[in-house]
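Below you'll find the structure, written out as structure tokens, and then a few comments.
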Amino acid sequence: MSLFSKLFKMFLAVVLIPFVPMMLLLAYYQIHLKDNILETHANLAQMVSASVNQHIEDLGWRLAFAQNISEALQQQKNPTSLLADALAANPDFLMLAVLNSSGKEIYRAGEPQILRQIDPLDLSEDASLPELAKEGRISVSSFEVADGRPISEFIYPLPNGDYLYGILSFFSFLARLQEQRIGTTGHVYFVDRNGEVYANDYWYKPAFDEQTLKQAFTAKSRLIKNLKTPQGTYVGAYAPTPILGAYVAVLQQKSEAYRSIYYTNVILALFLLTIATLSYFGALTFAERLGEPIGALSQAAHEVSRGNLDEKINPEIGWGEFKELINSFNQMTADLKDYQALQLQQQISEMKEQVFRSVAHDLRAPLLGLQGYIYILQSGKISKEEEKNYLELMNQAARNLSSLLEDVLDLSRVQAGMQNPQKEKVDLPALIERVISTLAPTAQEKNLSLQQEINIQSLSVDPKLLQRVITNLVSNAIKFTEKGFVRICANQDEKCYRITIEDSGIGMTAQEVKGLFQKFHQVHADKPGYGLGLFISRQIVEAHGGTLEVTSTPGRGSIFTICLPREDK
């Protein structure tokens, strides 16, 4: 993923992530706002129910004529004319009748149409009549519809022990309720226990699903949140009334009830869309302006880390502090380039000085020896046999001097970082065979057994440098082994190639092993050498990315182990 993409996504996330809790908060707020709207409908339904209760309680004073009827009955007079006057004074009364103390009808009055539909009353089986007489209260029956008019029956105990029966019409009361509006689609409805909505032909009556309304009346909540009709979906609330089996329902089309919420949603959606669009383009612009100088700095830093100090950044792509940073970076690379040149000159000077010191230190003894031999030969005071021996010694000193010069030059190259291996595929058994054939005469002079166990066919190394390391280790093993063997083994595992040179020589103590790979360090000063071979060998192995270690036991020999990393894993 590019730097620009990362910056763009980061800036966009920083701006848009706060929208998540805000959206959740708005969703929570709207859910409760809808419930609050429905609670308003529920309060209105409760107020209408209280009006119905008040309407029924008003029957108490509207039945004041019951005293006159009771007195007429006590005087054994026919109260029919009194009933007719009461009906005329109370248009909501459709029928009045007098029942004797046992519940049988003895007098009646009312609209002829109503009277024809109702048979003579006999409530003698109604066990509630004696209770009404004791309590002296009005009993209102369930809500019904007769001839298209909403009615309810009531029974009122008379002082003389008889009962006044009546049929009360709610038509005018409900007509006043129908005049109440909530918006343009909200109405107050009178509904029976079966979900049937009462309304005459002139009143608005949506095709409510009766079964759904009936189920709503049995629910724990009085809020109606989803009532579907062919005219649309309604919401609202209901409240029970004092009339048995009758409910007041306040219902309004959902689209109108939640219109303010919908408008708010639209406004918020437009607002959020605007913010999101501005955030997108803002993050895009900012990421471009920020990403370009950062990307240029990152690329330039990568080039500098690879040693390319000529890399420059165009200051015009920066702005503000970035421009100052780019200028500082360009100045830093220029200073680093100058410093690198000075450091290289200093390293060359130090290397020359170190080479001169090493040569002066390590060539002094062989040169003095050669000078001594030459002086003796020039004196002419020696025999031919002695002259031959001295010439052989001079030849050996010259060879030692040549070997020392080669070690000193290698040491200088290693310390200057110039000993870089040139890797190629090498036939390891053939390389080991060359080492053994070179050192076999020396081993035979000491009656040593040169053994090999090579289980690696090929590996990627610098053949010249690796042969020199193995030759040096095997030569050292022969030098410090008086009897027994010198063994070369090569194996491999999942991580590395492992080459070991084991001998049965004099071995070393732990203290002697500690300084073994240091420059000019010799464990046994009586043995020939200059203490550079092991140091150079370890440097060569480490230049290959490997390690050179030793384990040794005094009197039992030593094991030198070369580990070279596998590049084919």
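Letters for chains follow the order of the structure tokens (A, B, ...), residue numbers begin at 1 for each chain, and ligand numbers begin at 1 in the order shown.
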- request: Identify, with DSSP run on backbone atoms, the residues in range 104-352 of chain A assigned to alpha helix (DSSP H), and express the list as a ChimeraX atom specification.
  value: /A:112-117,128-135,171-178,210-218,254-257,259-305,321-352
Please identify all polymer residues within 10 Å of range 23-33 of chain A, counting only C-alpha atoms, omitting same-chain residues fewer than 6 positions from it, and present them as a short mmCIF file (atom, residue, chain, number, x, y, z; two decimals) with N, CA and C atoms, in the first residue's frame.
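So the final result, stored in selection13.cif, reads:
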data_model
loop_
_atom_site.label_atom_id
_atom_site.label_comp_id
_atom_site.auth_asym_id
_atom_site.auth_seq_id
_atom_site.Cartn_x
_atom_site.Cartn_y
_atom_site.Cartn_z
N GLU A 39 -46.84 8.18 22.55
CA GLU A 39 -47.29 8.47 23.92
C GLU A 39 -48.26 9.64 23.92
N TYR A 258 -45.08 10.63 11.62
CA TYR A 258 -43.62 10.71 11.70
C TYR A 258 -43.04 11.67 10.66
N ILE A 261 -40.06 13.61 11.71
CA ILE A 261 -38.88 12.77 11.82
C ILE A 261 -38.30 12.51 10.43
N TYR A 262 -39.19 12.24 9.47
CA TYR A 262 -38.71 12.00 8.11
C TYR A 262 -38.01 13.23 7.55
N THR A 264 -36.53 15.48 9.27
CA THR A 264 -35.24 15.56 9.97
C THR A 264 -34.23 14.60 9.38
N ASN A 265 -34.71 13.37 9.04
CA ASN A 265 -33.81 12.38 8.44
C ASN A 265 -33.25 12.87 7.10
N LEU A 268 -30.71 15.56 7.80
CA LEU A 268 -29.48 14.97 8.33
C LEU A 268 -28.72 14.20 7.26
N LEU A 272 -25.03 14.95 6.28
CA LEU A 272 -23.97 13.95 6.37
C LEU A 272 -23.32 13.71 5.01
#
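Of note, CA of Ser124 in chain A and CA of Gln75 in chain A are spaced 23.8 Å apart.
The space between CA of Phe329 in chain A and CA of Glu311 in chain A spans 10.0 Å.
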- request: Please run DSSP on the backbone and report, as a PyMOL selection string, all residues within range 119-312 of chain A that come out as strand (DSSP E).
  value: chain A and resi 139-146+149-157+163-169+181-182+186-192+197-198+223-229+232-240+246-253
- request: Excluding range 59-66 of chain A and residues on its chain fewer than 2 positions from it, collect all residues at most 9 Å away from it, counting only C-alpha atoms, and give them as a list in words.
  value: Gln54, His55, Ile56, Glu57, Asn68, Ile69, Ser70, Glu71, Leu82, Leu83, Ala86, Asn90, Ile138, Tyr156, Leu158, Pro159 and Leu164 of chain A
Please produce an output containing N, CA and C atoms for each residue in the selection, written as a PDB file, in the first residue's frame.
ATOM      1  N   GLN A  54     -66.973  10.367  32.228  1.00  0.00           N
ATOM      2  CA  GLN A  54     -67.731  11.523  32.718  1.00  0.00           C
ATOM      3  C   GLN A  54     -69.138  11.521  32.154  1.00  0.00           C
ATOM      4  N   HIS A  55     -69.252  11.131  30.877  1.00  0.00           N
ATOM      5  CA  HIS A  55     -70.571  11.074  30.227  1.00  0.00           C
ATOM      6  C   HIS A  55     -71.480  10.078  30.944  1.00  0.00           C
ATOM      7  N   ILE A  56     -70.897   8.955  31.368  1.00  0.00           N
ATOM      8  CA  ILE A  56     -71.718   7.958  32.073  1.00  0.00           C
ATOM      9  C   ILE A  56     -72.061   8.432  33.479  1.00  0.00           C
ATOM     10  N   GLU A  57     -71.083   9.088  34.116  1.00  0.00           N
ATOM     11  CA  GLU A  57     -71.360   9.573  35.467  1.00  0.00           C
ATOM     12  C   GLU A  57     -72.452  10.658  35.458  1.00  0.00           C
ATOM     13  N   ASN A  68     -89.549  10.460  40.842  1.00  0.00           N
ATOM     14  CA  ASN A  68     -90.989  10.616  40.533  1.00  0.00           C
ATOM     15  C   ASN A  68     -91.602   9.296  40.125  1.00  0.00           C
ATOM     16  N   ILE A  69     -90.862   8.512  39.345  1.00  0.00           N
ATOM     17  CA  ILE A  69     -91.389   7.202  38.917  1.00  0.00           C
ATOM     18  C   ILE A  69     -91.571   6.295  40.116  1.00  0.00           C
ATOM     19  N   SER A  70     -90.613   6.350  41.060  1.00  0.00           N
ATOM     20  CA  SER A  70     -90.717   5.502  42.254  1.00  0.00           C
ATOM     21  C   SER A  70     -91.942   5.878  43.087  1.00  0.00           C
ATOM     22  N   GLU A  71     -92.222   7.217  43.195  1.00  0.00           N
ATOM     23  CA  GLU A  71     -93.395   7.650  43.967  1.00  0.00           C
ATOM     24  C   GLU A  71     -94.684   7.221  43.271  1.00  0.00           C
ATOM     25  N   LEU A  82     -94.570   9.527  32.651  1.00  0.00           N
ATOM     26  CA  LEU A  82     -93.308  10.036  33.195  1.00  0.00           C
ATOM     27  C   LEU A  82     -92.108   9.531  32.387  1.00  0.00           C
ATOM     28  N   LEU A  83     -92.202   8.264  31.962  1.00  0.00           N
ATOM     29  CA  LEU A  83     -91.134   7.704  31.134  1.00  0.00           C
ATOM     30  C   LEU A  83     -91.039   8.449  29.812  1.00  0.00           C
ATOM     31  N   ALA A  86     -89.414  11.770  30.292  1.00  0.00           N
ATOM     32  CA  ALA A  86     -87.959  11.607  30.473  1.00  0.00           C
ATOM     33  C   ALA A  86     -87.269  11.366  29.137  1.00  0.00           C
ATOM     34  N   ASN A  90     -84.396  13.745  27.362  1.00  0.00           N
ATOM     35  CA  ASN A  90     -83.062  13.161  27.153  1.00  0.00           C
ATOM     36  C   ASN A  90     -83.022  12.448  25.805  1.00  0.00           C
ATOM     37  N   ILE A 138     -75.580   2.630  39.472  1.00  0.00           N
ATOM     38  CA  ILE A 138     -75.982   2.384  38.093  1.00  0.00           C
ATOM     39  C   ILE A 138     -75.057   1.319  37.506  1.00  0.00           C
ATOM     40  N   TYR A 156     -80.895   0.885  36.822  1.00  0.00           N
ATOM     41  CA  TYR A 156     -80.767   1.753  37.977  1.00  0.00           C
ATOM     42  C   TYR A 156     -81.801   1.326  39.013  1.00  0.00           C
ATOM     43  N   LEU A 158     -84.567   1.545  41.843  1.00  0.00           N
ATOM     44  CA  LEU A 158     -85.479   2.591  42.335  1.00  0.00           C
ATOM     45  C   LEU A 158     -85.640   2.473  43.850  1.00  0.00           C
ATOM     46  N   PRO A 159     -85.983   3.585  44.490  1.00  0.00           N
ATOM     47  CA  PRO A 159     -86.124   3.554  45.958  1.00  0.00           C
ATOM     48  C   PRO A 159     -87.192   2.578  46.454  1.00  0.00           C
ATOM     49  N   LEU A 164     -85.137   0.595  37.147  1.00  0.00           N
ATOM     50  CA  LEU A 164     -85.337   1.366  35.926  1.00  0.00           C
ATOM     51  C   LEU A 164     -84.344   0.863  34.891  1.00  0.00           C
TER      52      LEU A 164
END
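Distance-wise, CA of Ile432 in chain A and CA of Leu473 in chain A end up 12.0 Å apart.
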- prompt: Between A:Asn330, A:Leu342, A:Pro293, A:Ile376, which one has atoms that come closest to Leu391 in chain A, using only C-alpha atoms?
  reply: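 The shortest atom-to-atom distance to Leu391 in chain A comes from A:Ile376.
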Applying 7 Å and only C-alpha atoms, which residues near range 208-217 of chain A remain after dropping the ones on its own chain fewer than 5 positions away? List them as a compact mmCIF listing (two decimals) with C-alpha atoms, in the first residue's frame.
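As a result, selection18.txt now contains:
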# COMPACT_ATOMS: atom_id res chain seq x y z
CA ARG A 193 -63.75 -5.78 21.86
CA ASN A 194 -63.72 -7.62 18.50
CA GLY A 195 -61.87 -4.83 16.74
CA GLU A 196 -64.92 -3.46 14.93
CA ILE A 224 -50.03 0.67 18.17
CA THR A 229 -54.90 -0.82 5.89
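Remark: for Gly186 in chain A, the closest of the candidate residues A:Glu424, A:Glu256, A:Glu125, A:Asp503 is A:Glu256 (distances computed over only C-alpha atoms).
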Which residue of A:Ile151, A:Val486, A:Leu94, A:Leu251 approaches Ser504 in chain A most closely, using only C-alpha atoms: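 Going through A:Ile151, A:Val486, A:Leu94, A:Leu251 one by one, the smallest distance to Ser504 in chain A is for A:Val486.
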